[in-house]
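Take a look at the structure below.
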Amino acid sequence: MDSISIRGLCGIYAAMLYAYPRDFRRQYGAEMQQVFRDRCREQSGASWLAFSGSTAMDWIASVIRERRAASLAVSAQMGAGRKLIQEWAVTLLLFLFVTTTMVQAYVVPTGSMENNILIGDHMLVDKVGFSNTGNNWTSYVLPTRQVKRGDIIAFRFPEDVRQTFVKRVIGLPGDRIHLQNKRVIRNGQPLDEPYAQHVTSYIDDDRDNFPTAAAPAAFAHQVQDGDVIVPPDMLFVLGDNRDDSLDSRYWGFVPRDYIVGKPLVIYWSYDGSTKDFETWNIAHLEDVALHFFTKTRWSRTLTTP
Amino acid sequence: MPKPAPAANLLPLTPPVFHILLALADEERHGYGIMQDVARQTNDALQLGPGTLYGCLKRMLTAGLVEESDERPDTELDDERRRYYRMTDLGRGVVRAEAHRLAEAVIAARARLGLAGGK
């Protein structure tokens with residue numbers, strides 16, 4: 001890992017130190033950062049995962065230990081409740097910050113990305129990884145990179161920004177794209193797409209050939225010699241479940257700024273139907289309570305889509 | 001600093017504290033040096049994170065097992081100044097007592113479990 005990324009990680013670690021009691025942090029914070037940086041320099045390739053895991057465990061365990069020690073040391077003049085809130089306020093704020101700014105949890109209600117993302121996958125989306133579009137300050141803290149062809153992204157649905165969709169990036173700005181009998185042809189080259197699946201064998205002209213007369217008006221000025229040309233700052237996305245996916249073919253491009261992030265990890269995958277995950281209903285809660293162990297897809301837990 | 005407690009009251013030591021003391025037995029070290037030495041002692045079985053390491057050092061300082069030495073740079077790593085830690089006489093006594101206690105425990109275990117010595 002290069003020195004810029006190490007500096008970024010050290011920035012995160014410096015922020016994490018605020019979870020410790022103030023006195024402890026003032027006394028040892030600087031040294032702990034030094035040690036963390038030294039350890040970062042030792043790591044390479046495969047050892048990063050184990051290193052981040054053990055650092056996170058160390059952080060959680062020692063924050064709890066030091067906070068408990070600090071609250072025992074504080075004299076009992078304050079009420080227990082108030083003391084507890086004071087001691088944990090910073091930690092709570094930090095957790096809230098992380099869960100709103102850096103990651104967000106989503107559940108997938110539709111099967112348009114099968115068989116890579118299933119109905120009922122509950123996932124955390126990394127909201128920082130692709131954030132180097134504008135002058136977003138977080139890009140100075142965490143490693144970021146440009147969106148590539150083939151990336152799975154979560155984004156706001158351009159026709160209703162309240163909905164978040166997950167699809168795969170097929171075309172970047174400037175790419176020339178058309179579909180011929182289910183086959184995607186990008187810049188003149190047919191794509192080999194091991195991730196895509198086709199659930200029907202017949203050819204539906206509006207679906208499997210693109211662009212056609214039925215293509216949305218958004219494409220009208222972007223078609224040249226039978227290819228759609230992706231405009232600047234736009235992306236062309238398709239679902240992996242190609243025959244059953246509402247994607248760029250039907251509603252147009254995704255503006256670069258509409259990207260929410262990239263799926264980071266599936267933390268829970270539960271076998272259910274679309275309506276269970278679109279709206280809360282009692283029947284679904286009951287179903288989870290009764291069948292949690294049998295209908296949870298354990299093999300998907302903690303996998304990356 | 002409170003009056004140091006007699007060695008016996010501090011036993012048994014937790015594994016991190018025991019290995020940190022061993023790391024300081026022959027020389028003064030800074031935090032990262034201690035961490036590396038503990039990993040060496042235990043064949044990487046015990047990897048101290050920064051939080052665990054400095055939490056232990058804080059308590060060991062309070063108990064008088066270690067003391068801060070001067071601050072100086074480690075020329076091998078970089079030019080930044082680092083705080084070094086040194087074992088006190090009390091610390092040496094405590095780690096000896098702990099090693100003795102562990103040895104007794106091992107002898108007892110071998111006798112009961114029928115293990116040959118050295119295995």
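Naming scheme: A, B, ... for chains in displayed order of the structure tokens; residues 1 onward per chain; ligands 1 onward as shown.
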Query raised in the report: Excluding same-chain residues fewer than 6 positions from Pro109 of chain A, what lies within 10 Å of it counting only C-alpha atoms, as a ChimeraX atom specification?
Result: /A:118-122,165,272-279
Would you save the residues of that selection, restricted to C-alpha atoms, as a PDB file, in the first residue's frame?
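Written out: out_5.pdb:
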ATOM      1  CA  LEU A 118     -30.288 -12.248  -4.336  1.00  0.00           C
ATOM      2  CA  ILE A 119     -33.633 -11.038  -3.038  1.00  0.00           C
ATOM      3  CA  GLY A 120     -33.239 -10.637   0.701  1.00  0.00           C
ATOM      4  CA  ASP A 121     -29.532  -9.772   0.725  1.00  0.00           C
ATOM      5  CA  HIS A 122     -28.915  -7.215   3.454  1.00  0.00           C
ATOM      6  CA  PHE A 165     -30.801   0.577  -7.237  1.00  0.00           C
ATOM      7  CA  GLY A 272     -38.022 -14.096   1.197  1.00  0.00           C
ATOM      8  CA  SER A 273     -40.154 -12.424  -1.475  1.00  0.00           C
ATOM      9  CA  THR A 274     -39.963  -8.946  -2.977  1.00  0.00           C
ATOM     10  CA  LYS A 275     -42.898  -7.567  -0.976  1.00  0.00           C
ATOM     11  CA  ASP A 276     -41.335  -8.662   2.319  1.00  0.00           C
ATOM     12  CA  PHE A 277     -38.326  -6.453   1.751  1.00  0.00           C
ATOM     13  CA  GLU A 278     -40.070  -3.471   0.139  1.00  0.00           C
ATOM     14  CA  THR A 279     -42.436  -2.767   3.006  1.00  0.00           C
TER      15      THR A 279
END
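Of all the residues in chain B, the ones DSSP labels as strand (DSSP E or B) from the backbone are B:Arg29, B:His30, B:Val66, B:Glu67, B:Glu68, B:Ser69, B:Asp70, B:Glu71, B:Arg72, B:Pro73, B:Arg81, B:Arg82, B:Arg83, B:Tyr84, B:Tyr85, B:Arg86, B:Met87.
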Requested in this report: From a DSSP pass on the backbone, collect the residues of segment 14-117 of chain B flagged as helix (DSSP H, G or I) and hand them back as a PyMOL selection string.
Outcome: chain B and resi 15-23+31-41+50-63+89-113
Can you list every residue of chain B that has an atom at most 10 Å from chain A, with its nearest atom pair and the distance in Å to one decimal, using only C-alpha atoms, ordered by chain then number, as JSON lines?
{"residue": "B:His30", "atom": "CA", "partner": "A:Glu31", "partner_atom": "CA", "distance": 9.0}
{"residue": "B:Gly31", "atom": "CA", "partner": "A:Val35", "partner_atom": "CA", "distance": 6.6}
{"residue": "B:Tyr32", "atom": "CA", "partner": "A:Val35", "partner_atom": "CA", "distance": 5.2}
{"residue": "B:Gly33", "atom": "CA", "partner": "A:Val35", "partner_atom": "CA", "distance": 9.0}
{"residue": "B:Met35", "atom": "CA", "partner": "A:Val35", "partner_atom": "CA", "distance": 8.6}
{"residue": "B:Gln36", "atom": "CA", "partner": "A:Arg39", "partner_atom": "CA", "distance": 9.4}
{"residue": "B:Gln47", "atom": "CA", "partner": "A:Ser54", "partner_atom": "CA", "distance": 8.3}
{"residue": "B:Leu48", "atom": "CA", "partner": "A:Asp58", "partner_atom": "CA", "distance": 7.9}
{"residue": "B:Gly49", "atom": "CA", "partner": "A:Asp58", "partner_atom": "CA", "distance": 5.4}
{"residue": "B:Pro50", "atom": "CA", "partner": "A:Met32", "partner_atom": "CA", "distance": 5.3}
{"residue": "B:Gly51", "atom": "CA", "partner": "A:Ser62", "partner_atom": "CA", "distance": 5.2}
{"residue": "B:Thr52", "atom": "CA", "partner": "A:Ser62", "partner_atom": "CA", "distance": 5.7}
{"residue": "B:Leu53", "atom": "CA", "partner": "A:Met32", "partner_atom": "CA", "distance": 8.7}
{"residue": "B:Tyr54", "atom": "CA", "partner": "A:Tyr28", "partner_atom": "CA", "distance": 6.7}
{"residue": "B:Gly55", "atom": "CA", "partner": "A:Glu66", "partner_atom": "CA", "distance": 7.0}
{"residue": "B:Cys56", "atom": "CA", "partner": "A:Ser62", "partner_atom": "CA", "distance": 9.8}
{"residue": "B:Leu57", "atom": "CA", "partner": "A:Tyr28", "partner_atom": "CA", "distance": 9.7}
{"residue": "B:Lys58", "atom": "CA", "partner": "A:Phe24", "partner_atom": "CA", "distance": 8.5}
{"residue": "B:Leu77", "atom": "CA", "partner": "A:Asp38", "partner_atom": "CA", "distance": 8.1}
{"residue": "B:Asp78", "atom": "CA", "partner": "A:Asp38", "partner_atom": "CA", "distance": 9.8}
{"residue": "B:Glu80", "atom": "CA", "partner": "A:Gln34", "partner_atom": "CA", "distance": 9.0}
{"residue": "B:Arg81", "atom": "CA", "partner": "A:Glu31", "partner_atom": "CA", "distance": 9.8}
{"residue": "B:Arg82", "atom": "CA", "partner": "A:Glu31", "partner_atom": "CA", "distance": 7.4}
{"residue": "B:Arg83", "atom": "CA", "partner": "A:Glu31", "partner_atom": "CA", "distance": 7.8}
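Taking only C-alpha atoms into account, Ala45 of chain B lies nearest to B:His19 out of the set B:His19, B:Arg112, B:Asp26, B:Thr62.
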**Report entry** Spatial neighbours of Ile203 of chain A, max dist 9 Å, only C-alpha atoms, sep filter under 6 positions, as an NGL selection string
**Finding:** :A and (181-182 or 209)
Report summary line: As a check of understanding: the span from atom CA of Leu235 of chain A to atom CA of Ser5 of chain A is 26.9 Å
